[in-house]
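Here the structure comes first, spelled out in structure tokens, and everything after it is commentary.
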Number of protein chains: 2
Amino acid sequence: MKKITVLGAGMVGSSIIGDLSKEFDVTAVDLKIENLDEVRKKFYVKTVVADLTSESEIKAVVKDADLVVSAVPGFMGFETLRSIIYSGKNAVDISFFNHDPFELDELAKMSNLTVVVDCGVCPGLSNIVLGYLNQRVKIESYECYVGGLPFNKEYPFNYKAPFSPVDVIEEYVRPARIKIDNQIVIKEALSETEILNFGKAGILEAFNTDGLRTLLTTMEIPNMAEKTLRYPGHAELMNIFRTTGLFSSEEIKIGENKIRPVDLTSQLLFPHWKPAADEKEFTVLRLKIIAKENSVKKEYIFDLFDEFDDKTSTSSMARTTGYTCTSAARLILNDDFSRTGICPPEFIGSEPGCYHKILSMLEEKNIRFTLSEKEL
Amino acid sequence: MKKITVLGAGMVGSSIIGDLSKEFDVTAVDLKIENLDEVRKKFYVKTVVADLTSESEIKAVVKDADLVVSAVPGFMGFETLRSIIYSGKNAVDISFFNHDPFELDELAKMSNLTVVVDCGVCPGLSNIVLGYLNQRVKIESYECYVGGLPFNKEYPFNYKAPFSPVDVIEEYVRPARIKIDNQIVIKEALSETEILNFGKAGILEAFNTDGLRTLLTTMEIPNMAEKTLRYPGHAELMNIFRTTGLFSSEEIKIGENKIRPVDLTSQLLFPHWKPAADEKEFTVLRLKIIAKENSVKKEYIFDLFDEFDDKTSTSSMARTTGYTCTSAARLILNDDFSRTGICPPEFIGSEPGCYHKILSMLEEKNIRFTLSEKEL
């Protein structure tokens with residue numbers, strides 16, 4: 001039986017561990033013993049407590065693995081991935097770190113390793129679709145809309161996040177890079193709000209965020225944009241918070257104290273944004289692609305709607321992110337995907353057969369796109 | 001020539017100094033030499049630098065005065081007024097301190113002093129009207145709407161304040177005491193928003209704030225409420241800030257620092273709320289009084305609209321607050337009002353002749369009510 005080490009047993013990590021443990025010999029590693037206790041209660045896996053900021057501890061826990069999955073927090077993701085590569089292991093990463101992953105490309109290639117990064121739902125599944133379609137048609141524009149939201153709207157934020165608000169705020173502050181006519185254009189985050197109908201997910205607002213990541217350099221598509229989805233009104237409120245200075249990460253002096261406003265704001269928002277236990281939520285993803293196919297201009301709309309799984313109490317965010325990751329892991333272990341170096345998911349999509357295999361693995365988990373095509 | 005000492009030469013203090021110096025021998029006192037320089041440039045007055053938190057310094061500067069006006073900041077108002085009374089001087093106070101002024105009543109009476117408190121526009125002029133009408137008709141309900149606003153709306157707050165946001169936030173946090181059927185009822189600040197048309201001031205929103213002050217105990221009127229006026233949307237936004245915890249005055253720990261969220265919020269709001277130099281603003285005041293006059297039920301609506309004075313660059317807030325105060329000062333100096341003890345302005349209104357004298361002094365300054373009466 002093949003061996004997989006999963007680094008990080010948080011919300012998404014544990015859905016990955018659960019899925020992979022049905023088929024593989026899984027070792028789950030985390031610094032928090034309570035995360036591992038939780039995982040051991042539910043799944044038949046080995047667990048190891050380790051500090052995943054330490055290269056030597058990583059080397060030790062991945063030693064016997066055929067593949068490593070990294071589901072550590074973003075701030076430590078890049079260093080963890082470097083350590084995995086130093087350990088000579090194929091890997092799938094969903095830590096969504098901010099570094100350019102291609103800084104590790106040479107290192108991975110030197111060791112003949114397949115290292116998939118950004119392999120969640122978006123980035124992740126969205127890139128796989130784009131990589132696939134890009135092989136078949138001439139894409140003129142790509143627009144991606146994505147959000148994870150609670151079913152229950154709670155005034156005034158109408159939003160919940162199973163992680164620290166500081167990570168969400170970062171998305172609301174970082175300028176969004178999009179592509180217009182082959183040029184990278186910078187837009188303010190939270191800008192250009194559109195109100196759109198997402199069917200089961202209802203009427204949502206979409207605004208610019210910096211989510212294209214690797215696509216900005218890997219794809220030669222003249223127009224690309226990514227927008228985040230929230231219930232209407234959220235962007236305006238967050239814009240006001242930002243304008244007020246509440247999201248600023250520059251220290252200011254309050255009496256004798258020096259403080260970053262964002263740290264206070266994040267701490268105050270935490271209880272408002274914390275989901276209830278087993279809070280019902282959904283993931284919505286829409287890809288709108290305009291392309292020429294044999295000189296006919298067409299619009300392709302890929303819609304995905306996934307919700308909290310009552311049976312297993314697995315959040316939709318953990319499902320869509322985690323199962324895209326485990327599907328990629330299976331491709332690598334089955335030698336269906338063996339490109340070496342750093343591979344963002346668009347590389348998987350562009351490889352013959354991989355797209356359909358990923359989609360059929362996701363369908364087994366009841367995660368599927370509806371696709372509508374029309375001539376323009 | 002009668003002598004007046006004015007304590008505090010800030011925005012409102014200097015309008016008081018300017019008006020009184022036309023007729024009286026005025027000494028202006030402040031801790032800030034720049035405030036006094038400003039006053040001396042514009043008006044013919046003596047100036048003294050003094051620390052008005054010190055009883056002995058107050059005693060020294062009021063020694064020769066026939067009357068003292070206190071226009072110091074609210075947080076020091078009560079102690080300053082006590083020192084004035086200890087000095088044996090009649091006084092008019094517009095510091096709007098939070099203490100119960102009647103704690104000083106016995107002291108003032110023992111020395112046979114007339115000490116008028118809360119003598120601005122609202123509290124102040126509004127109380128004078130109510131005190132007057134209360135002598136003539138049987139009042140069933142009193143509703144007071146008041147606000148000072150910039151003409152220029154600036155998104156998202158649509159509000160400016162010539163003082164620290166922390167004082168405004170205090171109004172948005174402190175529970176509002178109103179009177180319903182002879183009972184004091186507590187309402188949340190910022191609650192029960194109504195949208196109303198104020199003519200020249202446009203469409204404004206009104207919400208509960210704790211502004212009845214002395215009226216809660218001095219008047220036997222079964223129904224009384226005070227509401228603050230802002231441009232529509234402000235209350236909702238402030239409510240969100242409050243709900244988020246940004247107005248909390250309980251210290252929280254951020255890393256190694258302990259901080260009161262309100263201190264950070266106030267500091268961040270300061271540049272957004274600071275009026276431009278000579279920013280055009282207005283004061284709007286509406287009193288809606290329902291009363292029985294000879295068994296006929298009537299509604300009286302007193303409307304006041306006053307704006308920034310371009311000629312003298314005097315803000316409307318300084319005009320309406322300052323000139324109500326100087327009118328009361330003139331009444332005392334002319335022996336038109338000589339009731340001893342602590343006198344909130346409703347006591348002035350209830351004294352024969354005083355109401356009309358105050359109103360005619362304000363009319364000379366182009367501050368006037370329009371009154372509409374109708375039978376119900």
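We name chains A, B, ... following the order of the structure tokens; residues begin at 1 in each chain, and ligands are numbered from 1 as shown.
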* Just asking: which residues within region 164-302 of chain A are alpha helix (DSSP H) according to DSSP, as a PyMOL selection string? -> chain A and resi 165-173+215-218+234-244+261-273
Kindly assemble as CSV a list of the region 144-242 of chain A residues that lie within 6 Å of region 271-281 of chain A, each paired with its nearest atom pair and their distance in Å to one decimal, using only C-alpha atoms, sorted first by chain and then by ascending residue number.
residue,atom,partner,partner_atom,distance
A:Leu149,CA,A:Glu281,CA,5.5
A:Pro150,CA,A:Glu281,CA,4.0
A:Phe151,CA,A:Glu281,CA,5.2
A:Lys160,CA,A:Trp273,CA,4.3
A:Ala161,CA,A:Trp273,CA,5.6
Pull N, CA, C and O atoms from the residues just selected and write them as a CSV table (one decimal), in the first residue's frame.
chain,number,residue,atom,x,y,z
A,149,LEU,N,-19.5,30.7,1.4
A,149,LEU,CA,-20.4,31.6,2.3
A,149,LEU,C,-21.3,30.7,3.1
A,149,LEU,O,-21.7,29.6,2.8
A,150,PRO,N,-21.8,31.3,4.3
A,150,PRO,CA,-22.7,30.6,5.1
A,150,PRO,C,-24.1,30.7,4.5
A,150,PRO,O,-24.4,31.7,3.8
A,151,PHE,N,-25.0,29.7,4.7
A,151,PHE,CA,-26.4,29.8,4.2
A,151,PHE,C,-27.1,30.9,5.0
A,151,PHE,O,-27.9,31.7,4.5
A,160,LYS,N,-18.8,34.4,7.1
A,160,LYS,CA,-18.2,33.6,8.2
A,160,LYS,C,-16.9,33.1,7.6
A,160,LYS,O,-16.8,32.8,6.4
A,161,ALA,N,-15.9,33.0,8.4
A,161,ALA,CA,-14.6,32.4,8.0
A,161,ALA,C,-14.0,31.5,9.0
A,161,ALA,O,-13.9,31.9,10.2
* Report as an MDAnalysis selection string the set of chain B residues whose atoms approach chain A to within 7 Å, with distances computed over only C-alpha atoms. => chainID B and resid 156 240 244:245 254 257 263:264 268:269
* To do: Measure the distance from CA of Val116 (chain B) to CA of Ala91 (chain B) in Å and round it to one decimal.
  =>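 The value is 6.1 Å.
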* Could you name the residues that touch Lys298 (chain A) at 7 Å or less, counting only C-alpha atoms, but leaving out those on the same chain fewer than 3 positions away, as a PyMOL selection string? -> chain A and resi 290-292+373-376
* May I have the residues within 12 Å of Lys365 (chain A) as a VMD selection string, using only C-alpha atoms and disregarding those fewer than 4 positions away in the same chain? => chain A and resid 15 19 306 to 307 309 312 314 316 319 to 320 322 to 324 326 to 327 358 to 361
Selection export as an mmCIF file, in the first residue's frame, atoms kept: N, CA and C atoms:
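What ended up in part-v5.cif:
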data_model
loop_
_atom_site.group_PDB
_atom_site.id
_atom_site.type_symbol
_atom_site.label_atom_id
_atom_site.label_comp_id
_atom_site.auth_asym_id
_atom_site.auth_seq_id
_atom_site.Cartn_x
_atom_site.Cartn_y
_atom_site.Cartn_z
ATOM 1 N N SER A 15 -10.046 16.678 6.011
ATOM 2 C CA SER A 15 -10.863 16.087 4.935
ATOM 3 C C SER A 15 -9.959 15.329 3.960
ATOM 4 N N ASP A 19 -10.150 11.245 3.256
ATOM 5 C CA ASP A 19 -10.337 10.683 1.926
ATOM 6 C C ASP A 19 -9.194 9.736 1.560
ATOM 7 N N ASP A 306 -21.560 23.658 -4.303
ATOM 8 C CA ASP A 306 -21.376 22.522 -3.400
ATOM 9 C C ASP A 306 -21.730 22.965 -1.990
ATOM 10 N N GLU A 307 -22.348 22.054 -1.234
ATOM 11 C CA GLU A 307 -22.717 22.468 0.115
ATOM 12 C C GLU A 307 -22.213 21.521 1.198
ATOM 13 N N ASP A 309 -21.653 18.883 3.917
ATOM 14 C CA ASP A 309 -22.092 17.489 3.904
ATOM 15 C C ASP A 309 -22.567 17.091 5.303
ATOM 16 N N THR A 312 -21.263 13.565 6.947
ATOM 17 C CA THR A 312 -19.919 13.470 7.524
ATOM 18 C C THR A 312 -19.515 14.760 8.243
ATOM 19 N N THR A 314 -18.783 17.536 6.982
ATOM 20 C CA THR A 314 -17.629 18.117 6.299
ATOM 21 C C THR A 314 -18.067 19.387 5.586
ATOM 22 N N SER A 316 -18.227 22.442 2.991
ATOM 23 C CA SER A 316 -18.049 22.478 1.551
ATOM 24 C C SER A 316 -16.656 22.989 1.196
ATOM 25 N N ARG A 319 -14.434 20.126 1.489
ATOM 26 C CA ARG A 319 -14.709 19.168 0.418
ATOM 27 C C ARG A 319 -14.080 19.611 -0.904
ATOM 28 N N THR A 320 -14.423 20.831 -1.327
ATOM 29 C CA THR A 320 -13.993 21.256 -2.665
ATOM 30 C C THR A 320 -12.481 21.458 -2.725
ATOM 31 N N GLY A 322 -10.214 20.142 -0.441
ATOM 32 C CA GLY A 322 -9.529 18.901 -0.083
ATOM 33 C C GLY A 322 -9.610 17.854 -1.180
ATOM 34 N N TYR A 323 -10.772 17.697 -1.821
ATOM 35 C CA TYR A 323 -10.925 16.615 -2.788
ATOM 36 C C TYR A 323 -10.270 16.942 -4.134
ATOM 37 N N THR A 324 -10.122 18.210 -4.449
ATOM 38 C CA THR A 324 -9.309 18.539 -5.626
ATOM 39 C C THR A 324 -7.864 18.126 -5.356
ATOM 40 N N THR A 326 -6.836 15.777 -3.213
ATOM 41 C CA THR A 326 -6.652 14.313 -3.171
ATOM 42 C C THR A 326 -6.749 13.703 -4.572
ATOM 43 N N SER A 327 -7.545 14.354 -5.444
ATOM 44 C CA SER A 327 -7.618 13.861 -6.828
ATOM 45 C C SER A 327 -6.263 14.025 -7.512
ATOM 46 N N ILE A 358 -9.680 13.921 -13.127
ATOM 47 C CA ILE A 358 -9.954 14.753 -11.941
ATOM 48 C C ILE A 358 -11.467 14.940 -11.798
ATOM 49 N N LEU A 359 -12.130 15.303 -12.905
ATOM 50 C CA LEU A 359 -13.565 15.562 -12.828
ATOM 51 C C LEU A 359 -14.357 14.323 -12.432
ATOM 52 N N SER A 360 -13.901 13.161 -12.894
ATOM 53 C CA SER A 360 -14.684 11.979 -12.518
ATOM 54 C C SER A 360 -14.411 11.590 -11.064
ATOM 55 N N MET A 361 -13.198 11.861 -10.567
ATOM 56 C CA MET A 361 -12.961 11.602 -9.130
ATOM 57 C C MET A 361 -13.808 12.538 -8.274
#
* To do: Report the distance between CA of Ser191 (chain A) and CA of Lys153 (chain A) in Å, rounded to one decimal place.
  =>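 Going from CA of Ser191 (chain A) over to CA of Lys153 (chain A), I get 22.1 Å.
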* **Within 10 Å of Glu192 (chain B) using only C-alpha atoms, minus same-chain residues under 4 positions, as a VMD selection string** => chain B and resid 187 to 188 205 to 208 227 235
* To do: Quick one: everything within 10 Å of region 21-24 of chain B, counting only C-alpha atoms, minus sequence neighbours fewer than 6 positions away in the same chain. Send it as JSON, numbers by chain.
  => {"B": [1, 2, 3, 4, 5, 15, 43, 44, 45, 46, 330]}
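If you count only C-alpha atoms and ignore residues fewer than 5 places along the chain from Asp336 (chain A), what sits within 12 Å of it is Thr114, Ser327, Ala328, Ala329, Arg330, Leu331, Ile348, Gly349, Glu351, Pro352, Gly353, Cys354, Tyr355, His356, Lys357 and Ile358 of chain A.
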* To do: Write out as a PyMOL selection string all residues of region 159-197 of chain A that backbone DSSP assigns to strand (DSSP E or B).
  => chain A and resi 176-180+183-187+194-197
Output file for the residues above (N, CA and C atoms, as a compact mmCIF listing (two decimals), in the first residue's frame):
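Okay, part.txt is ready:
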# COMPACT_ATOMS: atom_id res chain seq x y z
N ALA A 176 -5.38 44.01 -6.68
CA ALA A 176 -5.70 42.87 -7.54
C ALA A 176 -5.03 43.06 -8.89
N ARG A 177 -4.26 42.06 -9.31
CA ARG A 177 -3.65 42.09 -10.63
C ARG A 177 -4.56 41.33 -11.59
N ILE A 178 -5.03 42.00 -12.62
CA ILE A 178 -5.83 41.31 -13.63
C ILE A 178 -5.17 41.57 -14.98
N LYS A 179 -5.67 40.94 -16.03
CA LYS A 179 -5.06 41.12 -17.33
C LYS A 179 -6.08 41.68 -18.31
N ILE A 180 -5.73 42.78 -18.94
CA ILE A 180 -6.59 43.40 -19.95
C ILE A 180 -5.73 43.62 -21.20
N GLN A 183 -2.06 43.09 -21.02
CA GLN A 183 -1.33 43.88 -20.03
C GLN A 183 -1.81 43.54 -18.62
N ILE A 184 -0.87 43.48 -17.68
CA ILE A 184 -1.30 43.34 -16.29
C ILE A 184 -1.73 44.70 -15.78
N VAL A 185 -2.94 44.77 -15.27
CA VAL A 185 -3.53 46.02 -14.78
C VAL A 185 -3.82 45.84 -13.29
N ILE A 186 -3.53 46.88 -12.51
CA ILE A 186 -3.75 46.80 -11.06
C ILE A 186 -5.08 47.45 -10.71
N LYS A 187 -5.92 46.73 -10.03
CA LYS A 187 -7.19 47.27 -9.57
C LYS A 187 -7.18 47.24 -8.05
N GLU A 194 -20.02 43.89 -8.90
CA GLU A 194 -21.14 43.53 -9.76
C GLU A 194 -22.11 42.69 -8.93
N ILE A 195 -23.39 42.80 -9.25
CA ILE A 195 -24.39 41.96 -8.59
C ILE A 195 -24.84 40.92 -9.61
N LEU A 196 -24.72 39.65 -9.25
CA LEU A 196 -25.01 38.58 -10.21
C LEU A 196 -25.85 37.50 -9.55
N ASN A 197 -26.58 36.78 -10.39
CA ASN A 197 -27.42 35.70 -9.89
C ASN A 197 -26.66 34.38 -10.02
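Put simply, CA of Ile169 (chain B) is 28.7 Å away from CA of Ile33 (chain B).
Minimum distance to Lys200 (chain A) across A:Glu363, A:Asp303, A:Glu55, A:Glu103 (counting only C-alpha atoms) occurs at A:Asp303.
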